[in-house]
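First comes the structure, then the notes that go with it.
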Amino acid sequence: MNALSAVSSNTLYRLGLWYGVYRLIISFSLLLIFFLTFNQLKDNYSHIDVYFFTLLVYAFLGTLQLLMLRLFPTVALPRQLLLISLIDVTCFGALTFAIGGPNLHIGLLFVITIFVTNLLLSRRQALSITLASTIAVLYLQLFGSWLSASDLSNIGNSILLAFLFFVVYLTGQFAVQRFRLLENISISQSLELLQLQNINRYILEQIDMGYLAIDEEMNVVLSNPAAYNLLGIPTLLVFRPAPLQEIQPDLYQYLLQNVVNQGERFIFETMQSRYGIHIRVQKLELPQQTLTLFIMQDAQKLNQQVQQLKLAALGQLSASIAHEIRNPLASIVQANALFIDAEPEQQHMLTGMIQKQAKRIDHIIQSTLNMARNQATVPTDIALEKFLPQLIVEDLNESHQKIHVEIPNPVLISFDEAQFRQVLINLIRNALRHNSPEHPQIHVYAYQQEDYAYIDVIDFGEGISADKVHNLFNPFFTTQIDGTGLGLYLSRSFCEANQAKLSYIKLQDGTCFRVECPAIQIQ
């Protein structure tokens, strides 16, 4: 197995090819240097014939092996690379023997060979080449010294060079490990990127909205089948990038005649398609270019969806009004039934009750319409320590004994008074309805923490099951047979209109609905 197992065969082949070119240059350069310096340096060679013959063989084999790599790149590539390294060590060893001992230039060639083998060969093969290089400079030096009966003064240099070989081998192995790690990271990132691209492509192919992106030269760089279907472009062209002029000339002409800006919307019609197309423009600023993205929908289908939303909103508004006026209307009916047989003083009281509840109905209808029309609220400063007791007396008097109000310190908030009243009435009535018979009262607790005021409405009932919590504030969701499911929905809508937040909190022994809103600092 190759030392850089993560590296592709193609990359390994290119490295081997470049090393082959390097060997060829070195061999012919050494021959040229030999001929140019022969007369001056011929006395420096211990075995000049061996040196010259080795250079000729090295140049010939280098040329032959480079041709083999070039002509047969896939034939036993690891064996070819191993053979190249063995020939290098053999030839450099012969050159070292021929000049009578280690030489700086030949030693450098050994070092380069050992380092390159770490890149091209397996760890075991690279170690073998390192050992062979050590033998070439050490044992051959001993043999040469014995053969020539000279002193062993060069043995120290040979040992030092052999030590250097092992240092280079270890350094090369460390570098290979780093290269392998980086290669694995690169491959992993490439696979993740490819996976994301496949997911994006799948999503684009499945959605009904059309997406078409063009560059500054009006060439299509991104599209999906929905866009081609809306624009009437043949399916055969879906996966073939092409100039916009070629695949949709009508849109091309429209863009030439009209400048489209960020966020612009327009209706586009073409003879190629039976659809009227609603197009939204999105500019995409990329590092090297600017793309224009067209987000397309069938205009007729979009209009149908808008009408359905309007009808749903109308039905929701009607149901919410009916829900909110049910309680005051019941009070009016009850007061009217008692009016005939009542004493004059009682009739006066009942008349006042009817007027008050009628006024409340008018406020409910007006508030609901304001919410539906997205009209601005009319916030006023509300002191909770005064407002809450007054609310219970005026609107919840029949149940005042079942409501415990606690306000440790004065709290001042800004809220539309009529809407805040409706929110609290809804929450308190819900708490009274779900409270446990074992607890005679529910708790309304108002307090301030830092810059926010909190109003907690707490009952001690069984609470709300976990599978229903996520539907609490959805319109028409209710756990009561006679409920409409709009109380909490409207309460949250009123809170959001006043920059407040309504949330549900599960307690260990009960349920809490909390209104959180900015507090006004009391001077």
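Please note that chains go A, B, ... in the order of the structure tokens, that every chain numbers its residues from 1, and that ligands are numbered from 1 in the order shown.
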Residues near Asn224 of chain A, cut-off 6 Å, only C-alpha atoms, skip fewer than 6 positions along chain, as a short mmCIF file (atom, residue, chain, number, x, y, z; two decimals) with N, CA and C atoms, in the first residue's frame:
data_model
loop_
_atom_site.label_atom_id
_atom_site.label_comp_id
_atom_site.auth_asym_id
_atom_site.auth_seq_id
_atom_site.Cartn_x
_atom_site.Cartn_y
_atom_site.Cartn_z
N LEU A 204 -34.16 21.77 -4.57
CA LEU A 204 -34.57 22.62 -5.69
C LEU A 204 -35.44 21.86 -6.69
N GLU A 205 -35.17 20.57 -6.84
CA GLU A 205 -35.95 19.78 -7.80
C GLU A 205 -37.34 19.47 -7.28
N TYR A 211 -36.72 28.71 -9.36
CA TYR A 211 -35.52 29.49 -9.07
C TYR A 211 -34.65 29.53 -10.32
#
(request) Go through segment 216-425 of chain A and collect every residue that DSSP, computed from the backbone, puts in alpha helix (DSSP H); the answer should be as a ChimeraX atom specification. (result) /A:225-231,244-247,249-257,299-339,344-372,384-395,417-425
(request) Do a neighbour search on Leu502 of chain A at 10 Å with only C-alpha atoms, toss out local chain neighbours closer than 6 positions, and write the hits as number ranges by chain. (result) A: 423, 454-456, 473, 488-489, 491-496, 513-517
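Among the candidate residues A:Leu83, A:Met209, A:Met68, A:Leu95, the one lying nearest to Thr54 of chain A is A:Leu95, with distances computed using only C-alpha atoms.
We find atom CA of Ala446 of chain A and atom CA of Glu398 of chain A to be spaced 21.8 Å apart.
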(request) Determine the nearest neighbour of Leu291 of chain A from the options A:Ile277, A:Val221, A:His400, A:Val116, counting only C-alpha atoms. (result) A:Val221
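Straight-line separation from atom CA of Leu412 of chain A to atom CA of Ala500 of chain A: 13.7 Å.
The shell of residues at most 9 Å from Ala358 of chain A, with only C-alpha atoms counted and near chain neighbours (fewer than 3 positions) removed, consists of A:Pro328, A:Leu329, A:Ile332, A:Met353, A:Ile354, A:Gln355, A:Ile361, A:Asp362, A:His363.
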Residues near segment 105-113 of chain A, anyone? I mean within 10 Å using only C-alpha atoms, not counting same-chain ones fewer than 4 positions away, as an mmCIF file with C-alpha atoms, in the first residue's frame.
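Once everything was written out, this is selection.cif:
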data_model
loop_
_atom_site.group_PDB
_atom_site.id
_atom_site.type_symbol
_atom_site.label_atom_id
_atom_site.label_comp_id
_atom_site.auth_asym_id
_atom_site.auth_seq_id
_atom_site.Cartn_x
_atom_site.Cartn_y
_atom_site.Cartn_z
ATOM 1 C CA TYR A 19 10.895 12.945 -10.209
ATOM 2 C CA ARG A 23 16.677 12.313 -12.399
ATOM 3 C CA ILE A 26 20.771 15.271 -12.725
ATOM 4 C CA ILE A 84 13.627 3.918 -9.754
ATOM 5 C CA SER A 85 14.591 4.351 -6.076
ATOM 6 C CA LEU A 86 16.719 1.203 -6.062
ATOM 7 C CA ASP A 88 19.210 5.739 -7.610
ATOM 8 C CA VAL A 89 20.691 4.210 -4.463
ATOM 9 C CA PHE A 92 24.847 6.951 -6.041
ATOM 10 C CA GLY A 93 26.560 4.241 -4.001
ATOM 11 C CA LEU A 95 29.622 7.071 -7.439
ATOM 12 C CA THR A 96 30.541 7.363 -3.750
ATOM 13 C CA ILE A 99 35.350 9.030 -5.697
ATOM 14 C CA GLY A 101 34.400 8.373 0.050
ATOM 15 C CA THR A 117 10.811 7.722 -1.430
ATOM 16 C CA ASN A 118 8.790 8.649 1.657
ATOM 17 C CA ALA A 126 11.131 3.792 2.270
ATOM 18 C CA ILE A 129 15.801 2.405 0.682
ATOM 19 C CA THR A 130 17.208 4.264 3.706
ATOM 20 C CA SER A 133 21.649 4.082 1.241
ATOM 21 C CA THR A 134 23.384 3.530 4.583
ATOM 22 C CA ALA A 136 26.061 2.212 0.119
ATOM 23 C CA VAL A 137 27.942 4.945 1.986
ATOM 24 C CA SER A 158 30.222 8.015 6.296
ATOM 25 C CA LEU A 161 25.995 10.772 6.546
ATOM 26 C CA ALA A 162 24.247 7.491 7.448
ATOM 27 C CA LEU A 164 21.622 12.023 8.409
ATOM 28 C CA PHE A 165 19.804 9.523 6.184
ATOM 29 C CA PHE A 166 17.757 8.234 9.121
ATOM 30 C CA VAL A 167 16.991 11.791 10.231
ATOM 31 C CA VAL A 168 15.711 12.568 6.742
ATOM 32 C CA TYR A 169 13.703 9.325 6.765
#
